[in-house]
file entry.cif (mmCIF, C-alpha atoms)
data_upload
loop_
_atom_site.label_atom_id
_atom_site.label_comp_id
_atom_site.auth_asym_id
_atom_site.auth_seq_id
_atom_site.Cartn_x
_atom_site.Cartn_y
_atom_site.Cartn_z
CA MET A 1 34.02 9.90 -0.35
CA THR A 2 31.01 10.64 1.80
CA GLY A 3 32.66 10.53 5.23
CA ASP A 4 32.58 13.12 7.96
CA GLN A 5 34.51 16.16 6.81
CA THR A 6 35.98 16.87 10.22
CA THR A 7 37.67 13.49 10.41
CA GLY A 8 38.62 13.18 6.75
CA ASP A 9 42.10 13.59 5.38
CA PRO A 10 42.53 17.34 4.84
CA THR A 11 44.59 16.73 1.72
CA ASP A 12 42.09 14.39 0.11
CA ASP A 13 41.12 15.82 -3.28
CA ALA A 14 37.96 13.71 -3.33
CA GLN A 15 36.18 15.99 -0.85
CA PRO A 16 34.37 18.40 -3.11
CA ALA A 17 33.21 20.76 -0.38
CA ARG A 18 36.66 21.66 0.83
CA PRO A 19 38.60 24.18 -1.25
CA LEU A 20 42.01 23.01 -2.35
CA LEU A 21 43.11 26.60 -2.69
CA GLU A 22 41.44 29.41 -0.82
CA ALA A 23 41.95 33.16 -0.63
CA VAL A 24 40.16 35.19 2.03
CA ASP A 25 39.77 38.97 2.26
CA LEU A 26 42.76 39.89 0.10
CA HIS A 27 43.98 43.47 -0.04
CA LYS A 28 46.75 44.57 -2.33
CA SER A 29 47.80 48.05 -3.44
CA PHE A 30 50.32 49.23 -5.97
CA GLY A 31 51.22 52.69 -4.71
CA PRO A 32 48.08 54.57 -3.74
CA THR A 33 45.81 52.47 -5.98
CA PRO A 34 44.09 49.47 -4.38
CA ALA A 35 44.03 46.57 -6.85
CA LEU A 36 42.35 44.18 -4.40
CA ASP A 37 39.98 45.39 -1.74
CA GLY A 38 38.68 42.36 0.12
CA ALA A 39 38.65 39.82 -2.71
CA GLY A 40 38.37 36.09 -2.00
CA LEU A 41 37.97 32.83 -3.86
CA GLY A 42 37.85 29.11 -3.10
CA VAL A 43 38.86 26.54 -5.71
CA ARG A 44 38.03 22.86 -5.33
CA ALA A 45 40.02 20.03 -6.89
CA GLY A 46 39.04 19.34 -10.48
CA GLU A 47 36.85 22.39 -11.01
CA VAL A 48 37.33 25.11 -13.59
CA VAL A 49 36.63 28.59 -12.23
CA ALA A 50 36.46 31.58 -14.55
CA VAL A 51 37.54 34.91 -13.09
CA MET A 52 35.73 37.65 -14.99
CA GLY A 53 35.50 41.41 -14.72
CA PRO A 54 36.43 44.61 -16.56
CA SER A 55 40.06 45.48 -17.21
CA GLY A 56 41.66 46.99 -14.16
CA SER A 57 39.20 45.26 -11.83
CA GLY A 58 41.93 43.20 -10.14
CA LYS A 59 41.50 39.83 -11.93
CA SER A 60 45.17 39.25 -12.66
CA THR A 61 46.29 40.53 -9.25
CA LEU A 62 43.92 38.03 -7.65
CA LEU A 63 45.40 35.23 -9.79
CA HIS A 64 48.96 36.27 -8.92
CA CYS A 65 48.15 36.32 -5.19
CA LEU A 66 46.47 32.89 -5.40
CA ALA A 67 49.53 31.50 -7.19
CA GLY A 68 51.96 32.92 -4.62
CA ILE A 69 53.59 35.18 -7.22
CA LEU A 70 52.44 38.29 -5.35
CA THR A 71 52.08 38.58 -1.59
CA PRO A 72 48.89 40.36 -0.50
CA ASP A 73 49.17 43.31 1.92
CA ARG A 74 46.40 41.76 4.01
CA GLY A 75 44.35 38.55 3.94
CA THR A 76 45.30 34.91 3.58
CA VAL A 77 45.89 32.40 0.80
CA ARG A 78 45.83 28.74 1.81
CA TYR A 79 46.82 25.77 -0.32
CA ARG A 80 45.88 22.43 1.25
CA ASP A 81 45.45 24.26 4.56
CA VAL A 82 48.96 25.73 4.51
CA GLU A 83 49.25 29.49 4.41
CA LEU A 84 51.38 30.73 1.52
CA SER A 85 52.63 33.74 3.47
CA ALA A 86 54.02 31.40 6.14
CA MET A 87 56.27 29.77 3.55
CA GLY A 88 59.74 30.95 2.66
CA ASP A 89 60.51 32.13 -0.88
CA GLY A 90 62.17 28.80 -1.66
CA GLN A 91 59.16 26.81 -0.49
CA ARG A 92 56.81 28.98 -2.50
CA SER A 93 58.93 28.53 -5.65
CA GLU A 94 58.95 24.79 -5.05
CA LEU A 95 55.15 24.84 -4.64
CA ARG A 96 54.74 26.75 -7.91
CA ARG A 97 57.01 24.35 -9.74
CA THR A 98 55.52 21.11 -8.43
CA GLU A 99 51.86 21.78 -7.63
CA PHE A 100 50.95 24.66 -9.93
CA GLY A 101 51.00 25.09 -13.70
CA PHE A 102 50.85 28.37 -15.61
CA VAL A 103 49.53 29.40 -19.02
CA PHE A 104 49.72 33.05 -20.03
CA GLN A 105 48.64 35.00 -23.08
CA PHE A 106 52.08 34.84 -24.67
CA GLY A 107 55.81 35.00 -24.12
CA GLN A 108 56.17 32.04 -21.83
CA LEU A 109 58.29 29.65 -23.90
CA VAL A 110 62.08 29.87 -23.94
CA PRO A 111 62.92 30.86 -27.54
CA GLU A 112 66.31 29.13 -27.60
CA LEU A 113 64.93 25.71 -26.68
CA SER A 114 62.97 23.33 -28.90
CA CYS A 115 59.28 22.82 -28.07
CA LEU A 116 60.11 19.40 -26.64
CA GLU A 117 62.83 20.87 -24.42
CA ASN A 118 60.44 23.62 -23.33
CA VAL A 119 57.85 21.10 -22.18
CA ALA A 120 60.53 18.96 -20.49
CA LEU A 121 62.01 21.99 -18.70
CA PRO A 122 59.85 21.95 -15.53
CA LEU A 123 60.69 18.25 -15.08
CA ARG A 124 64.41 18.87 -15.66
CA LEU A 125 64.31 21.64 -13.03
CA GLY A 126 62.87 19.02 -10.69
CA SER A 127 65.87 16.79 -11.40
CA VAL A 128 64.07 14.28 -13.63
CA LYS A 129 66.57 12.62 -16.01
CA ARG A 130 66.62 14.01 -19.54
CA LYS A 131 65.43 10.85 -21.27
CA GLN A 132 62.53 10.36 -18.91
CA ALA A 133 61.61 14.06 -18.97
CA GLU A 134 61.59 14.17 -22.75
CA ALA A 135 59.53 11.00 -23.01
CA ARG A 136 56.88 12.54 -20.79
CA ALA A 137 57.10 15.83 -22.66
CA ARG A 138 56.51 13.98 -25.92
CA GLU A 139 53.41 12.28 -24.50
CA TRP A 140 51.99 15.66 -23.54
CA LEU A 141 52.77 17.16 -26.94
CA GLU A 142 50.89 14.25 -28.50
CA ARG A 143 47.97 14.76 -26.15
CA LEU A 144 47.83 18.43 -27.15
CA GLU A 145 48.00 17.39 -30.85
CA VAL A 146 51.33 19.14 -31.54
CA ALA A 147 53.80 16.22 -31.60
CA ASP A 148 54.94 17.44 -35.03
CA VAL A 149 56.51 20.63 -33.61
CA ALA A 150 58.59 18.81 -30.98
CA ASP A 151 61.90 19.67 -32.63
CA LYS A 152 60.97 23.18 -33.72
CA ARG A 153 61.71 26.29 -31.75
CA PRO A 154 58.74 28.32 -30.48
CA GLY A 155 59.46 31.02 -33.08
CA GLU A 156 58.91 28.50 -35.85
CA THR A 157 55.39 27.54 -34.71
CA SER A 158 52.02 29.21 -35.22
CA GLY A 159 50.28 31.03 -32.36
CA GLY A 160 47.88 28.14 -31.81
CA GLN A 161 50.67 25.53 -31.82
CA GLY A 162 52.80 27.61 -29.45
CA GLN A 163 49.92 27.95 -27.02
CA ARG A 164 49.31 24.19 -27.06
CA VAL A 165 53.00 23.67 -26.28
CA ALA A 166 52.57 26.11 -23.37
CA VAL A 167 49.58 24.11 -22.10
CA ALA A 168 51.62 20.89 -22.39
CA ARG A 169 54.38 22.52 -20.37
CA ALA A 170 51.91 23.67 -17.70
CA LEU A 171 50.49 20.15 -17.33
CA VAL A 172 53.61 17.98 -17.65
CA THR A 173 54.40 18.00 -13.92
CA GLY A 174 50.86 16.86 -13.01
CA PRO A 175 49.94 20.12 -11.25
CA ARG A 176 46.94 20.25 -8.91
CA VAL A 177 46.06 23.82 -9.97
CA VAL A 178 46.55 25.39 -13.39
CA PHE A 179 46.50 29.18 -13.57
CA ALA A 180 45.52 30.45 -17.00
CA ASP A 181 45.58 34.21 -17.59
CA GLU A 182 43.82 35.07 -20.88
CA PRO A 183 45.20 31.84 -22.41
CA THR A 184 43.45 32.40 -25.73
CA GLY A 185 43.86 36.18 -25.84
CA ALA A 186 46.28 36.09 -28.76
CA LEU A 187 44.47 33.39 -30.77
CA ASP A 188 41.71 33.39 -33.37
CA SER A 189 38.33 31.83 -32.48
CA LEU A 190 39.01 28.33 -33.80
CA ASN A 191 42.46 27.99 -32.24
CA GLY A 192 41.25 29.56 -29.00
CA GLU A 193 38.40 27.05 -28.76
CA ARG A 194 40.66 24.09 -29.43
CA VAL A 195 43.18 25.23 -26.82
CA MET A 196 40.36 25.59 -24.27
CA GLN A 197 38.94 22.15 -25.13
CA LEU A 198 42.35 20.52 -24.76
CA LEU A 199 43.21 22.42 -21.57
CA VAL A 200 39.90 21.67 -19.84
CA THR A 201 39.82 18.01 -20.98
CA ALA A 202 43.37 17.39 -19.77
CA ALA A 203 42.69 19.17 -16.47
CA LYS A 204 39.50 17.14 -15.88
CA GLU A 205 41.29 13.89 -16.69
CA THR A 206 43.99 14.63 -14.15
CA ASN A 207 41.55 16.17 -11.61
CA ALA A 208 43.52 19.44 -11.69
CA ALA A 209 41.69 22.65 -10.84
CA VAL A 210 41.88 25.53 -13.32
CA VAL A 211 41.72 29.21 -12.42
CA LEU A 212 40.91 30.88 -15.70
CA VAL A 213 41.16 34.66 -16.02
CA THR A 214 39.29 35.82 -19.10
CA HIS A 215 37.16 38.65 -20.41
CA GLU A 216 35.79 36.47 -23.23
CA PRO A 217 32.39 34.91 -22.46
CA ARG A 218 32.91 32.04 -24.93
CA VAL A 219 36.12 31.12 -23.12
CA ALA A 220 34.42 31.46 -19.73
CA ALA A 221 31.77 29.02 -20.99
CA TYR A 222 34.37 26.25 -20.58
CA SER A 223 34.30 26.84 -16.81
CA ASP A 224 32.08 25.21 -14.20
CA ARG A 225 31.27 28.53 -12.53
CA GLU A 226 32.44 32.12 -12.53
CA VAL A 227 33.73 34.68 -10.07
CA VAL A 228 33.15 38.31 -10.90
CA VAL A 229 35.78 40.84 -9.81
CA ARG A 230 34.78 44.47 -9.60
CA ASP A 231 36.81 47.30 -8.06
CA GLY A 232 39.06 44.82 -6.29
CA ARG A 233 36.18 42.89 -4.71
CA SER A 234 34.97 39.50 -5.84
CA ARG A 235 31.65 37.73 -5.98
CA GLU A 236 31.39 33.96 -6.43
CA MET A 237 28.37 33.03 -8.53
CA GLU A 238 26.74 29.60 -8.43
CA PRO A 239 25.46 28.32 -11.79
CA VAL A 240 21.70 28.42 -12.34
CA THR A 241 20.23 24.93 -12.10
CA MET B 242 9.09 42.77 -22.25
CA SER B 243 6.75 43.07 -19.28
CA ILE B 244 4.87 46.37 -19.48
CA GLY B 245 3.06 45.56 -16.22
CA HIS B 246 6.31 45.27 -14.27
CA THR B 247 7.69 48.39 -15.89
CA LEU B 248 4.62 50.44 -14.95
CA LEU B 249 4.80 49.04 -11.41
CA GLY B 250 8.45 50.04 -11.25
CA LEU B 251 7.61 53.56 -12.37
CA LEU B 252 4.86 53.78 -9.72
CA GLU B 253 7.41 53.16 -6.98
CA LYS B 254 8.35 56.85 -7.08
CA GLY B 255 4.80 57.78 -6.10
CA PRO B 256 1.16 57.59 -7.25
CA ARG B 257 0.40 58.71 -10.82
CA HIS B 258 -2.48 58.68 -13.20
CA GLY B 259 -2.46 56.73 -16.44
CA TYR B 260 -1.51 59.60 -18.71
CA ASP B 261 1.47 60.48 -16.53
CA LEU B 262 2.59 56.86 -16.50
CA LYS B 263 2.44 56.65 -20.28
CA LYS B 264 4.52 59.82 -20.54
CA ALA B 265 7.13 58.53 -18.08
CA TYR B 266 7.31 55.20 -19.91
CA ASP B 267 7.63 56.77 -23.36
CA GLU B 268 10.34 59.19 -22.19
CA ARG B 269 12.52 56.48 -20.72
CA PHE B 270 11.79 53.32 -22.70
CA GLY B 271 9.42 54.07 -25.55
CA GLN B 272 11.67 55.90 -28.02
CA ASP B 273 10.94 53.44 -30.81
CA ARG B 274 7.64 52.12 -29.60
CA PRO B 275 5.50 54.42 -27.43
CA LEU B 276 2.66 52.83 -25.46
CA HIS B 277 -0.95 53.16 -26.61
CA TYR B 278 -3.36 54.61 -24.07
CA GLY B 279 -5.41 51.44 -24.35
CA GLN B 280 -2.39 49.34 -23.33
CA VAL B 281 -1.81 51.52 -20.27
CA TYR B 282 -5.38 51.27 -19.04
CA THR B 283 -5.81 47.54 -19.68
CA THR B 284 -2.52 46.90 -17.90
CA LEU B 285 -3.52 49.11 -14.96
CA SER B 286 -6.88 47.39 -14.57
CA ARG B 287 -5.16 44.01 -14.59
CA LEU B 288 -2.70 45.21 -11.93
CA LEU B 289 -5.64 46.57 -9.93
CA ARG B 290 -7.50 43.27 -10.19
CA ASN B 291 -4.41 41.40 -8.98
CA GLY B 292 -3.93 43.72 -6.00
CA LEU B 293 -0.57 45.05 -7.24
CA VAL B 294 -1.85 48.65 -7.49
CA GLU B 295 -4.69 50.47 -5.77
CA GLU B 296 -6.65 53.59 -6.55
CA ALA B 297 -5.28 56.63 -4.76
CA GLY B 298 -7.83 59.36 -5.26
CA VAL B 299 -9.15 61.17 -8.25
CA GLU B 300 -7.56 64.21 -9.80
CA ALA B 301 -10.02 66.81 -10.92
CA GLY B 302 -9.12 68.90 -13.92
CA ASP B 303 -10.36 70.07 -17.28
CA GLY B 304 -12.13 67.28 -19.05
CA PRO B 305 -12.70 63.87 -17.50
CA GLU B 306 -11.62 63.02 -13.95
CA ARG B 307 -8.38 61.14 -13.71
CA LYS B 308 -7.81 58.27 -11.31
CA ARG B 309 -4.45 58.07 -9.61
CA TYR B 310 -2.85 54.69 -8.99
CA ALA B 311 -0.43 53.70 -6.22
CA ILE B 312 1.70 50.58 -5.96
CA THR B 313 0.78 48.17 -3.13
CA ASP B 314 3.18 46.14 -0.96
CA ALA B 315 2.38 43.12 -3.11
CA GLY B 316 3.28 45.23 -6.15
CA VAL B 317 6.67 46.16 -4.67
CA THR B 318 7.37 42.49 -3.93
CA ASP B 319 6.40 41.65 -7.50
CA VAL B 320 8.81 44.24 -8.97
CA GLU B 321 11.55 43.05 -6.66
CA HIS B 322 11.05 39.44 -7.76
CA TRP B 323 11.06 40.45 -11.44
CA LEU B 324 14.26 42.47 -11.11
CA GLY B 325 15.97 39.60 -9.32
CA THR B 326 14.96 36.97 -11.88
CA PRO B 327 17.23 36.68 -14.93
CA GLU B 328 15.61 36.81 -18.35
CA LYS B 329 15.73 33.64 -20.39
CA PRO B 330 18.98 34.04 -22.33
CA GLU B 331 18.08 34.62 -25.94
CA PRO B 332 19.14 37.16 -28.51
CA TYR B 333 17.66 40.64 -28.42
CA LEU B 334 16.69 40.80 -24.78
CA GLN B 335 18.77 43.93 -24.24
CA ASN B 336 15.70 46.12 -24.13
CA THR B 337 14.22 44.28 -21.14
CA LEU B 338 17.58 44.23 -19.42
CA TYR B 339 18.00 47.93 -20.04
CA VAL B 340 14.60 48.59 -18.46
CA LYS B 341 15.51 46.47 -15.44
CA VAL B 342 18.82 48.26 -14.97
CA VAL B 343 17.19 51.70 -15.19
CA LEU B 344 14.38 50.76 -12.78
CA ALA B 345 16.90 49.31 -10.32
CA LEU B 346 18.87 52.56 -10.42
CA LEU B 347 15.71 54.69 -10.10
CA SER B 348 14.54 52.78 -7.06
CA GLY B 349 17.92 52.68 -5.33
CA ARG B 350 18.27 48.91 -5.77
CA SER B 351 21.47 47.22 -6.93
CA ALA B 352 21.81 47.32 -10.71
CA ASP B 353 25.00 45.24 -10.33
CA GLU B 354 22.82 42.48 -8.92
CA VAL B 355 20.53 42.58 -11.98
CA LEU B 356 23.57 42.30 -14.26
CA ASP B 357 25.29 39.61 -12.16
CA VAL B 358 22.33 37.22 -12.13
CA GLN B 359 21.87 37.77 -15.86
CA ARG B 360 25.54 37.06 -16.57
CA THR B 361 25.25 33.79 -14.67
CA ALA B 362 22.08 32.81 -16.53
CA HIS B 363 23.77 33.55 -19.85
CA LEU B 364 26.94 31.67 -18.94
CA THR B 365 24.90 28.68 -17.78
CA THR B 366 23.23 28.49 -21.20
CA MET B 367 26.59 29.04 -22.92
CA ARG B 368 28.12 26.18 -20.88
CA GLU B 369 25.34 23.85 -22.02
CA LEU B 370 25.88 24.84 -25.65
CA THR B 371 29.65 24.44 -25.29
CA LYS B 372 29.19 20.91 -23.92
CA ARG B 373 26.73 20.03 -26.65
CA LYS B 374 29.17 21.33 -29.22
CA ALA B 375 32.00 19.16 -27.88
CA GLY B 376 29.95 15.99 -28.40
CA GLY B 377 28.27 17.02 -31.64
CA ASP B 378 28.93 16.76 -35.35
CA LEU B 379 29.82 19.74 -37.54
CA ALA B 380 26.19 20.75 -38.05
CA ASP B 381 25.63 20.71 -34.29
CA GLN B 382 28.79 22.72 -33.76
CA LEU B 383 27.74 25.40 -36.23
CA ILE B 384 24.24 25.68 -34.77
CA CYS B 385 25.66 25.96 -31.24
CA ASP B 386 28.25 28.50 -32.38
CA HIS B 387 25.55 30.69 -33.86
CA ALA B 388 23.73 30.76 -30.53
CA LEU B 389 26.98 31.21 -28.61
CA PHE B 390 28.05 34.25 -30.64
CA HIS B 391 24.65 35.89 -30.10
CA LEU B 392 24.72 35.24 -26.38
CA GLU B 393 28.25 36.55 -26.26
CA ALA B 394 27.08 39.79 -27.87
CA ASP B 395 24.50 40.16 -25.07
CA LEU B 396 27.21 39.61 -22.50
CA ARG B 397 29.48 42.19 -24.10
CA TRP B 398 26.65 44.69 -23.86
CA LEU B 399 26.11 43.64 -20.25
CA GLU B 400 29.77 44.18 -19.34
CA LEU B 401 29.80 47.56 -21.06
CA THR B 402 26.69 48.57 -19.12
CA ALA B 403 28.24 47.31 -15.88
CA ALA B 404 31.25 49.52 -16.54
CA ARG B 405 28.98 52.53 -17.15
CA LEU B 406 26.55 52.13 -14.25
CA GLY B 407 27.91 55.19 -12.45
CA ARG B 408 27.26 57.45 -15.44
CA LEU B 409 23.89 55.86 -16.15
CA LYS B 410 22.80 56.43 -12.55
CA THR B 411 23.68 60.11 -12.81
CA ALA B 412 21.77 60.36 -16.09
CA VAL B 413 18.56 58.63 -14.96
CA THR B 414 18.29 60.17 -11.51
CA ARG B 415 18.98 63.71 -12.67
#
call {"tool": "encode", "arguments": {"input": "entry.cif", "output": "structure tokens"}}
result
Amino acid sequence: MTGDQTTGDPTDDAQPARPLLEAVDLHKSFGPTPALDGAGLGVRAGEVVAVMGPSGSGKSTLLHCLAGILTPDRGTVRYRDVELSAMGDGQRSELRRTEFGFVFQFGQLVPELSCLENVALPLRLGSVKRKQAEARAREWLERLEVADVADKRPGETSGGQGQRVAVARALVTGPRVVFADEPTGALDSLNGERVMQLLVTAAKETNAAVVLVTHEPRVAAYSDREVVVRDGRSREMEPVT
Amino acid sequence: MSIGHTLLGLLEKGPRHGYDLKKAYDERFGQDRPLHYGQVYTTLSRLLRNGLVEEAGVEAGDGPERKRYAITDAGVTDVEHWLGTPEKPEPYLQNTLYVKVVLALLSGRSADEVLDVQRTAHLTTMRELTKRKAGGDLADQLICDHALFHLEADLRWLELTAARLGRLKTAVTR
């Protein structure tokens, strides 16, 4: 779409210039320590943004504020022009379940459920019928090349397989933004690379944005651009052309 | 590594003669490879010819007279441009980057800026290699991986330096 931005549909993902998700001047403290001190970030539909910076710089706090998991002390987070802080807890949970997907370093799968049931879970919570939910879950397991672990429990899979199941679960609802916090942190190089390839390919195919927190440059190389967080402040870098 | 830019950067603190410049360079950056006098004087005459330094009086002393050199406005602009331009990402550029970081700290410029533009240049090259790898055969993948691991090592050094800028500033400006 090349139309006038001011008259365009504000929810149209095809407008690259307009951030889908935007944080402005975020401040957040835990006790006396400021974790965010004026950080901001805009994420457009379909782009992969790496959030980099030393440990303790505020990367994960920024991600949690963007995802509506934490509420900033000051500053705004807008998703499709709606302020997250203006939503009730229920609305924010609904937003996280339907529009956002999450991949963490580990510990995100329910150990008592099979891998298939784990992937189907977000759909089941959204009242999708079991048969339909499991059919879609199976498709995503196939896409992530782990259809063979569908009936196994997470504890019976390898680290790389488990993380692919977690990616399938994050993407099964068709989220518009995927938040990935050190998604390959517990994996060896080969498995980490494959998980990143599959995650980024699937996100690009579905035009989902990815906010990728990582301290590994080779993982950040899967992004389109990077944001550097330092002492709670952020700097958005444009790639060299 | 650009000796001309480094000498210009060292001249920003004030005019010096060639011998002094060599000493300052060797102390900070020449541990393994000190400059030859010849290199200093050919570099200075080139900088003079290009209007980046000017003569600033002659120091009388024992032995031959010694010319002092001062950086010109064009010289300052040149240093500034050099510091703000990332090095071409390739293995073993740490020495140049180290020099840039130290000169930025010495002159009160932002060393974070030097590191940030370099990180972006490195990541841009790493993104290209990552894309090439995705579409390549095994040989391509292994060649790209070799380059990627080396560039990653640079970036690890860069992040470590970024985390130590406060201490480095204290050390170099003491």
call {"tool": "resolve_selection", "arguments": {"input": "entry.cif", "expression": "the PyMOL selection byres ((chain A) within 9 of (chain B))", "output": "PyMOL selection string"}}
result
chain A and resi 53-54+197+216-218+220-226+228+237-241
call {"tool": "resolve_selection", "arguments": {"input": "entry.cif", "expression": "the PyMOL selection byres ((chain B and resi 288-290) around 12)", "output": "number ranges by chain"}}
result
B: 244-249, 252, 281-287, 291-297, 308-313, 315-317, 319-320
call {"tool": "resolve_selection", "arguments": {"input": "entry.cif", "expression": "the PyMOL selection byres ((chain A and resi 41) around 7)", "output": "PyMOL selection string"}}
result
chain A and resi 22-24+40+42-43
call {"tool": "atom_distance", "arguments": {"input": "entry.cif", "atom1": "atom CA of A:Gly90", "atom2": "atom CA of A:Pro175"}}
result
17.8 Å
call {"tool": "residues_near_point", "arguments": {"input": "entry.cif", "point": "(16.1, 43.1, -21.5)", "cutoff": "12 Å", "atoms": "all atoms listed in the file", "output": "PyMOL selection string"}}
result
chain B and resi 242-244+247+270+323-324+326-344+355-356+359+395-396+398-399
call {"tool": "atom_distance", "arguments": {"input": "entry.cif", "atom1": "atom CA of A:His64", "atom2": "atom CA of A:Asn207"}}
result
21.6 Å
call {"tool": "residues_near_point", "arguments": {"input": "entry.cif", "point": "(60.4, 21.9, -15.8)", "cutoff": "12 Å", "atoms": "all atoms listed in the file", "output": "PyMOL selection string"}}
result
chain A and resi 94+96-102+109-110+116-130+133-134+136-137+166+168-175
call {"tool": "atom_distance", "arguments": {"input": "entry.cif", "atom1": "atom CA of B:Leu346", "atom2": "atom CA of B:Glu268"}}
result
16.0 Å
call {"tool": "closest_residue", "arguments": {"input": "entry.cif", "among": "A:Leu198, A:Thr61, A:Thr76, A:Thr214", "to": "A:Arg143", "atoms": "all atoms listed in the file"}}
result
A:Leu198
call {"tool": "build_atoms", "arguments": {"input": "entry.cif", "residues": "stretch 144-155 of chain A", "atoms": "N, CA and C atoms", "output": "tab-separated table (two decimals), in the frame of the given file"}}
result
chain	number	residue	atom	x	y	z
A	144	LEU	N	48.27	17.09	-26.73
A	144	LEU	CA	47.83	18.43	-27.15
A	144	LEU	C	47.86	18.56	-28.68
A	145	GLU	N	48.06	17.45	-29.38
A	145	GLU	CA	48.00	17.39	-30.85
A	145	GLU	C	49.06	18.24	-31.53
A	146	VAL	N	50.25	18.37	-30.92
A	146	VAL	CA	51.33	19.14	-31.54
A	146	VAL	C	52.66	18.38	-31.50
A	147	ALA	N	52.58	17.03	-31.61
A	147	ALA	CA	53.80	16.22	-31.60
A	147	ALA	C	54.73	16.62	-32.75
A	148	ASP	N	54.13	17.12	-33.85
A	148	ASP	CA	54.94	17.44	-35.03
A	148	ASP	C	55.83	18.67	-34.84
A	149	VAL	N	55.63	19.46	-33.80
A	149	VAL	CA	56.51	20.63	-33.61
A	149	VAL	C	57.57	20.38	-32.54
A	150	ALA	N	57.68	19.12	-32.09
A	150	ALA	CA	58.59	18.81	-30.98
A	150	ALA	C	60.00	19.37	-31.19
A	151	ASP	N	60.52	19.25	-32.40
A	151	ASP	CA	61.90	19.67	-32.63
A	151	ASP	C	62.02	21.11	-33.11
A	152	LYS	N	60.92	21.77	-33.29
A	152	LYS	CA	60.97	23.18	-33.72
A	152	LYS	C	61.14	24.10	-32.52
A	153	ARG	N	61.66	25.28	-32.80
A	153	ARG	CA	61.71	26.29	-31.75
A	153	ARG	C	60.38	27.04	-31.73
A	154	PRO	N	60.03	27.63	-30.58
A	154	PRO	CA	58.74	28.32	-30.48
A	154	PRO	C	58.51	29.33	-31.61
A	155	GLY	N	59.59	30.03	-32.03
A	155	GLY	CA	59.46	31.02	-33.08
A	155	GLY	C	59.07	30.45	-34.43
